[in-house]
>>> print(open('protein-v9.cif').read())   # mmCIF, C-alpha atoms
data_start
loop_
_atom_site.label_atom_id
_atom_site.label_comp_id
_atom_site.auth_asym_id
_atom_site.auth_seq_id
_atom_site.Cartn_x
_atom_site.Cartn_y
_atom_site.Cartn_z
CA MET A 1 0.00 0.00 0.00
CA ASN A 2 2.79 2.41 0.95
CA VAL A 3 4.47 1.69 -2.38
CA LEU A 4 1.26 2.53 -4.24
CA LEU A 5 0.84 5.76 -2.28
CA ARG A 6 4.40 6.84 -3.04
CA MET A 7 3.91 6.10 -6.75
CA ALA A 8 0.65 8.05 -6.82
CA SER A 9 2.31 10.99 -5.05
CA ARG A 10 5.18 11.04 -7.54
CA LEU A 11 2.72 10.88 -10.44
CA LEU A 12 0.78 13.84 -9.01
CA VAL A 13 3.97 15.87 -8.65
CA LEU A 14 4.95 15.05 -12.24
CA LEU A 15 1.53 16.04 -13.64
CA THR A 16 1.62 19.29 -11.66
CA ALA A 17 5.07 20.13 -13.03
CA LEU A 18 3.92 19.44 -16.57
CA GLY A 19 0.87 21.66 -16.07
CA VAL A 20 3.01 24.54 -14.79
CA ALA A 21 5.39 24.15 -17.75
CA ALA A 22 2.48 24.16 -20.22
CA CYS A 23 1.04 27.26 -18.58
CA GLY A 24 4.43 28.94 -18.82
CA GLU A 25 4.62 28.10 -22.51
CA ARG A 26 1.13 29.56 -23.06
CA GLN A 27 2.15 32.73 -21.23
CA ALA A 28 5.32 32.97 -23.32
CA ASP A 29 3.24 32.53 -26.45
CA MET A 30 0.93 35.36 -25.36
CA THR A 31 3.90 37.73 -25.19
CA ASP A 32 4.61 36.97 -28.84
CA VAL A 33 1.14 38.02 -29.99
CA PRO A 34 1.51 41.17 -32.11
CA ALA A 35 -0.06 44.43 -30.99
CA THR A 36 -3.62 45.19 -32.11
CA VAL A 37 -3.78 46.24 -35.74
CA ALA A 38 -6.23 48.98 -36.70
CA ARG A 39 -7.71 49.28 -40.17
CA ILE A 40 -8.86 52.20 -42.32
CA GLU A 41 -11.12 51.31 -45.22
CA GLY A 42 -12.33 53.48 -48.05
CA ASN A 43 -12.04 54.18 -51.75
CA VAL A 44 -10.14 56.40 -54.16
CA THR A 45 -12.05 58.01 -57.01
CA TYR A 46 -11.84 60.84 -59.55
CA ARG A 47 -14.41 62.87 -61.49
CA GLU A 48 -13.06 62.44 -65.01
CA ARG A 49 -14.79 59.94 -67.31
CA MET A 50 -11.70 58.01 -68.29
CA MET A 51 -9.97 54.70 -67.72
CA LEU A 52 -6.49 54.47 -66.30
CA PRO A 53 -3.77 53.22 -68.66
CA PRO A 54 -2.53 49.64 -68.15
CA GLY A 55 0.19 49.53 -65.52
CA ALA A 56 -1.13 52.44 -63.44
CA GLU A 57 -1.02 52.02 -59.66
CA VAL A 58 -3.02 53.60 -56.84
CA GLU A 59 -1.17 54.37 -53.61
CA VAL A 60 -2.72 55.41 -50.29
CA GLN A 61 -0.57 56.57 -47.37
CA LEU A 62 -1.28 57.36 -43.73
CA GLU A 63 0.94 60.31 -42.84
CA ASP A 64 1.92 62.33 -39.80
CA ILE A 65 1.69 65.95 -41.01
CA SER A 66 2.19 67.62 -37.64
CA ARG A 67 5.33 69.53 -38.63
CA ALA A 68 4.69 72.29 -41.13
CA ASP A 69 8.42 72.79 -41.71
CA ALA A 70 9.21 69.17 -42.58
CA ALA A 71 8.09 66.48 -44.98
CA ALA A 72 5.29 64.22 -43.79
CA THR A 73 6.21 60.97 -42.02
CA VAL A 74 4.62 57.93 -43.65
CA LEU A 75 3.21 55.53 -41.04
CA ALA A 76 1.56 53.01 -43.37
CA THR A 77 0.98 52.57 -47.08
CA VAL A 78 -0.94 50.33 -49.45
CA LEU A 79 -0.45 49.89 -53.19
CA ILE A 80 -3.36 48.87 -55.42
CA THR A 81 -3.39 47.63 -58.99
CA PRO A 82 -6.71 49.04 -60.24
CA GLN A 83 -9.17 46.89 -62.14
CA GLY A 84 -11.71 48.70 -64.31
CA GLY A 85 -12.90 52.19 -63.47
CA PRO A 86 -13.16 54.01 -60.14
CA PRO A 87 -13.87 53.87 -57.27
CA TYR A 88 -10.91 51.76 -56.14
CA ASN A 89 -11.38 50.22 -52.71
CA PHE A 90 -8.50 50.12 -50.24
CA ALA A 91 -7.77 48.92 -46.72
CA ILE A 92 -4.72 50.27 -44.92
CA GLU A 93 -3.54 48.74 -41.63
CA TYR A 94 -1.52 50.52 -38.96
CA ASP A 95 -0.34 50.13 -35.38
CA PRO A 96 -2.60 52.31 -33.17
CA SER A 97 0.15 52.58 -30.55
CA THR A 98 2.03 54.87 -32.98
CA ILE A 99 -0.81 57.41 -33.00
CA ASP A 100 -0.33 60.41 -30.70
CA PRO A 101 -3.55 62.42 -30.12
CA ARG A 102 -1.47 65.58 -29.93
CA MET A 103 -0.30 65.15 -33.52
CA ARG A 104 -2.10 65.68 -36.84
CA TYR A 105 -2.60 62.90 -39.35
CA ALA A 106 -3.89 62.68 -42.93
CA LEU A 107 -4.52 60.24 -45.75
CA ARG A 108 -2.91 60.98 -49.09
CA ALA A 109 -3.64 59.18 -52.35
CA SER A 110 -1.93 59.27 -55.72
CA ILE A 111 -2.18 57.47 -59.03
CA ARG A 112 1.01 56.97 -61.03
CA MET A 113 2.07 55.44 -64.28
CA GLY A 114 5.66 54.53 -63.58
CA GLU A 115 7.35 57.76 -62.50
CA ARG A 116 4.58 59.91 -64.01
CA LEU A 117 2.07 61.35 -61.54
CA LEU A 118 -1.43 61.21 -63.04
CA PHE A 119 -3.70 62.05 -60.09
CA THR A 120 -3.15 63.22 -56.52
CA SER A 121 -5.24 64.26 -53.53
CA THR A 122 -5.11 68.00 -52.84
CA GLU A 123 -7.36 68.37 -49.78
CA TYR A 124 -6.95 67.33 -46.16
CA ILE A 125 -8.44 63.87 -45.53
CA ASP A 126 -9.05 62.93 -41.88
CA PRO A 127 -8.11 59.24 -41.51
CA PHE A 128 -10.03 58.78 -38.27
CA LYS A 129 -13.44 60.24 -39.11
CA GLY A 130 -14.90 56.76 -39.61
CA ASN A 131 -15.05 54.11 -42.31
CA PRO A 132 -15.43 54.16 -45.23
CA VAL A 133 -13.28 57.13 -46.22
CA GLU A 134 -13.64 58.56 -49.73
CA ILE A 135 -10.60 60.22 -51.28
CA VAL A 136 -11.22 62.25 -54.43
CA VAL A 137 -7.99 62.74 -56.39
CA GLN A 138 -7.38 65.54 -58.88
CA ARG A 139 -5.85 65.11 -62.31
CA VAL A 140 -2.35 66.56 -62.60
CA PRO A 141 -2.34 69.30 -65.25
CA GLY A 142 -0.55 68.10 -68.35
CA ALA A 143 -0.23 64.51 -67.07
CA ALA A 144 -1.89 63.05 -70.14
CA ARG A 145 -0.35 65.42 -72.68
CA ARG A 146 2.10 63.08 -74.31
CA GLU A 147 3.04 65.77 -76.82
CA GLY A 148 4.16 68.15 -74.08
CA PRO A 149 7.27 67.93 -71.88
CA GLY A 150 7.04 66.24 -68.51
CA LEU A 151 8.23 67.77 -65.26
CA GLU A 152 10.98 65.18 -64.95
CA GLY A 153 13.68 64.79 -67.55
CA THR A 154 13.23 68.28 -69.04
CA VAL A 155 15.58 71.26 -68.71
CA TRP A 156 13.39 74.16 -67.54
CA VAL A 157 14.72 77.69 -68.17
CA LEU A 158 13.58 80.44 -65.80
CA ALA A 159 11.17 82.86 -67.52
CA THR A 160 9.76 84.94 -64.65
CA LEU A 161 10.61 85.37 -60.97
CA ALA A 162 8.12 86.97 -58.56
CA GLY A 163 6.06 88.07 -61.55
CA GLU A 164 8.92 89.87 -63.32
CA PRO A 165 10.89 88.76 -66.40
CA ALA A 166 13.95 86.87 -65.21
CA PRO A 167 17.32 88.49 -66.02
CA ALA A 168 20.32 86.48 -67.12
CA GLY A 169 22.89 85.37 -64.57
CA ALA A 170 26.65 85.56 -64.56
CA GLY A 171 28.17 85.47 -68.04
CA GLY A 172 24.73 85.95 -69.60
CA LYS A 173 23.77 82.39 -68.68
CA THR A 174 20.10 81.64 -67.97
CA VAL A 175 18.87 80.18 -64.67
CA ASP A 176 17.45 76.67 -65.01
CA ILE A 177 16.26 73.59 -63.16
CA GLN A 178 16.02 69.90 -64.06
CA PHE A 179 14.24 67.12 -62.16
CA ALA A 180 15.92 63.69 -62.33
CA ALA A 181 13.30 60.98 -61.72
CA ASP A 182 15.71 58.13 -60.95
CA GLU A 183 17.42 59.95 -58.06
CA LYS A 184 14.61 62.37 -57.17
CA ARG A 185 17.17 65.17 -57.42
CA ALA A 186 16.63 68.71 -58.66
CA ALA A 187 19.64 70.57 -60.04
CA GLY A 188 20.54 73.54 -62.18
CA PHE A 189 22.23 76.94 -62.48
CA SER A 190 21.02 79.58 -60.00
CA GLY A 191 22.59 82.74 -61.45
CA CYS A 192 26.14 82.40 -60.16
CA ASN A 193 26.58 78.85 -58.91
CA ARG A 194 25.20 75.41 -59.62
CA TYR A 195 22.85 73.89 -57.06
CA THR A 196 21.30 70.51 -56.25
CA GLY A 197 18.82 69.06 -53.77
CA SER A 198 16.08 66.49 -53.30
CA TYR A 199 12.43 66.82 -54.25
CA ALA A 200 9.24 64.90 -53.50
CA PHE A 201 5.61 64.95 -54.62
CA GLU A 202 4.40 65.47 -51.06
CA GLY A 203 2.20 67.89 -49.17
CA LEU A 204 -1.23 69.39 -49.71
CA SER A 205 -2.17 72.09 -52.20
CA GLN A 206 -5.43 73.42 -53.59
CA HIS A 207 -3.73 75.24 -56.45
CA GLY A 208 -1.53 72.62 -58.13
CA SER A 209 0.17 69.26 -57.78
CA PRO A 210 2.13 68.86 -54.52
CA LEU A 211 5.89 69.43 -54.77
CA GLN A 212 8.47 69.97 -52.07
CA LEU A 213 12.11 70.85 -52.68
CA GLY A 214 14.54 69.63 -50.04
CA PRO A 215 17.52 71.60 -48.72
CA LEU A 216 19.56 72.91 -51.66
CA ALA A 217 23.36 72.90 -51.74
CA GLY A 218 25.46 74.84 -54.20
CA THR A 219 28.98 75.66 -55.28
CA MET A 220 30.67 78.64 -53.62
CA MET A 221 31.92 80.74 -56.51
CA ALA A 222 31.95 84.53 -56.21
CA CYS A 223 30.45 86.31 -59.22
CA PRO A 224 30.44 90.02 -60.10
CA ASP A 225 26.99 89.52 -61.62
CA GLY A 226 24.07 87.27 -60.78
CA GLY A 227 24.43 87.28 -56.98
CA GLU A 228 21.15 89.06 -56.23
CA LEU A 229 19.29 86.98 -58.80
CA GLU A 230 20.67 83.83 -57.20
CA ARG A 231 19.61 84.85 -53.68
CA ASN A 232 16.07 85.72 -54.79
CA TYR A 233 15.75 82.56 -56.88
CA LEU A 234 16.92 80.15 -54.17
CA GLN A 235 14.75 81.90 -51.61
CA ALA A 236 11.74 81.42 -53.92
CA LEU A 237 12.51 77.71 -54.37
CA GLY A 238 12.46 77.30 -50.60
CA THR A 239 8.81 78.38 -50.47
CA VAL A 240 7.49 76.07 -53.21
CA ASN A 241 4.75 73.60 -52.28
CA ALA A 242 3.13 72.88 -55.67
CA PHE A 243 3.57 73.03 -59.43
CA ARG A 244 1.48 73.32 -62.57
CA LEU A 245 2.30 72.14 -66.08
CA GLU A 246 0.58 73.86 -68.99
CA GLY A 247 2.01 72.90 -72.36
CA ASP A 248 5.68 73.86 -72.31
CA THR A 249 5.31 76.14 -69.27
CA LEU A 250 6.12 75.08 -65.70
CA SER A 251 4.83 77.20 -62.80
CA LEU A 252 6.13 76.79 -59.26
CA LEU A 253 3.74 77.91 -56.54
CA ALA A 254 3.77 78.86 -52.88
CA GLY A 255 0.14 78.53 -51.90
CA ALA A 256 -1.86 80.41 -54.53
CA GLU A 257 1.10 82.58 -55.55
CA VAL A 258 3.16 81.76 -58.65
CA VAL A 259 6.73 82.42 -57.51
CA ALA A 260 8.46 81.40 -60.74
CA THR A 261 7.70 80.21 -64.26
CA PHE A 262 9.91 78.25 -66.65
CA ARG A 263 9.95 77.36 -70.35
CA ALA A 264 11.00 73.93 -71.60
CA SER A 265 14.40 74.15 -73.23
#
>>> encode(input="protein-v9.cif", output="structure tokens")
Amino acid sequence: MNVLLRMASRLLVLLTALGVAACGERQADMTDVPATVARIEGNVTYRERMMLPPGAEVEVQLEDISRADAAATVLATVLITPQGGPPYNFAIEYDPSTIDPRMRYALRASIRMGERLLFTSTEYIDPFKGNPVEIVVQRVPGAARREGPGLEGTVWVLATLAGEPAPAGAGGKTVDIQFAADEKRAAGFSGCNRYTGSYAFEGLSQHGSPLQLGPLAGTMMACPDGGELERNYLQALGTVNAFRLEGDTLSLLAGAEVVATFRAS
């Protein structure tokens, strides 16, 4: 009898140990469960009666736009290959623990054909106003004009600055700018020196397609002519938040104001 009792006791201890181990494993597994994922659902549409060309893609981004002096921070993004005509439904997932109620957030949508921007949202879209969210994108002026020059890959010569005809720079050379799509770099001659910097189709504008020019760096030559033109020109580029393409004319805007216009070279 005593032998049986000892065996039963040992068996009970063993089962208890196994139960504790299993519980520990379940608790460890619980720590590996990912944080709750929130979801924003909606659709992207446009007013034009047209079909997108084959190969076009719709992108929706959740952005932190709290800092007015910096580019938006992308928190989540989704890329859609559209089928048929609009609206195009989307669902974008994000980690709610990254959302700070003190900050400001927005949804931004764009439709591209390779590097060419066809449509973009131009108004503020609150991502947290409730599902579904409708984003109406606006057609980029000149996006479908295959006979006209595109923003990227064209040398643009300065025509007007602050509403006045642009003078020539040092040595009678014209001020220009070129946007390189592969590197997303803008570069050109600013009146005395050459300059370069990044650019992005980001931000919100009601007057054109969003465009932001990053910090610009230039050579440090001293010129007897062109210095004032260069200062005014670079200062104007620093205020740009949008552009418009109309035929062979490029307009750079700061809000509703056209700060500079260019002609395709």
>>> residues_around(input="protein-v9.cif", residues="Gly55 of chain A", least_positions_apart="4", cutoff="9 Å", atoms="only C-alpha atoms", output="MDAnalysis selection string")
chainID A and resid 81:82 112:114
>>> resolve_selection(input="protein-v9.cif", expression="the PyMOL selection byres ((chain A and resi 220) around 12)", output="MDAnalysis selection string")
chainID A and resid 190:195 217:219 221:223 227 230
>>> resolve_selection(input="protein-v9.cif", expression="the PyMOL selection byres ((chain A and resi 79) around 7)", output="PDB file with C-alpha atoms, keeping the file's coordinate frame")
ATOM      1  CA  GLU A  57      -1.020  52.020 -59.660  1.00  0.00           C
ATOM      2  CA  VAL A  58      -3.020  53.600 -56.840  1.00  0.00           C
ATOM      3  CA  GLU A  59      -1.170  54.370 -53.610  1.00  0.00           C
ATOM      4  CA  VAL A  60      -2.720  55.410 -50.290  1.00  0.00           C
ATOM      5  CA  THR A  77       0.980  52.570 -47.080  1.00  0.00           C
ATOM      6  CA  VAL A  78      -0.940  50.330 -49.450  1.00  0.00           C
ATOM      7  CA  ILE A  80      -3.360  48.870 -55.420  1.00  0.00           C
ATOM      8  CA  THR A  81      -3.390  47.630 -58.990  1.00  0.00           C
TER       9      THR A  81
END
>>> closest_residue(input="protein-v9.cif", among="A:Val155, A:Val136, A:Ala254, A:Ala56", to="Val240 of chain A", atoms="only C-alpha atoms")
A:Ala254
>>> resolve_selection(input="protein-v9.cif", expression="the PyMOL selection byres ((chain A and resi 92) around 12)", output="ChimeraX atom specification")
/A:37-43,59-63,75-80,89-91,93-95,107-109,127,131-133
>>> atom_distance(input="protein-v9.cif", atom1="atom CA of Gly169 of chain A", atom2="atom CA of Leu252 of chain A")
19.6 Å
>>> atom_distance(input="protein-v9.cif", atom1="atom CA of Glu164 of chain A", atom2="atom CA of Thr261 of chain A")
9.8 Å
>>> atom_distance(input="protein-v9.cif", atom1="atom CA of Pro96 of chain A", atom2="atom CA of Ala70 of chain A")
22.6 Å
>>> closest_residue(input="protein-v9.cif", among="A:Gly247, A:Pro101, A:Gly153, A:Pro167", to="Ala181 of chain A", atoms="all atoms listed in the file")
A:Gly153
>>> residues_around(input="protein-v9.cif", residues="Gly85 of chain A", least_positions_apart="6", cutoff="8 Å", atoms="only C-alpha atoms", output="PyMOL selection string")
chain A and resi 50-52
>>> closest_residue(input="protein-v9.cif", among="A:Gln138, A:Thr174, A:Thr122, A:Ser265", to="Tyr233 of chain A", atoms="only C-alpha atoms")
A:Thr174
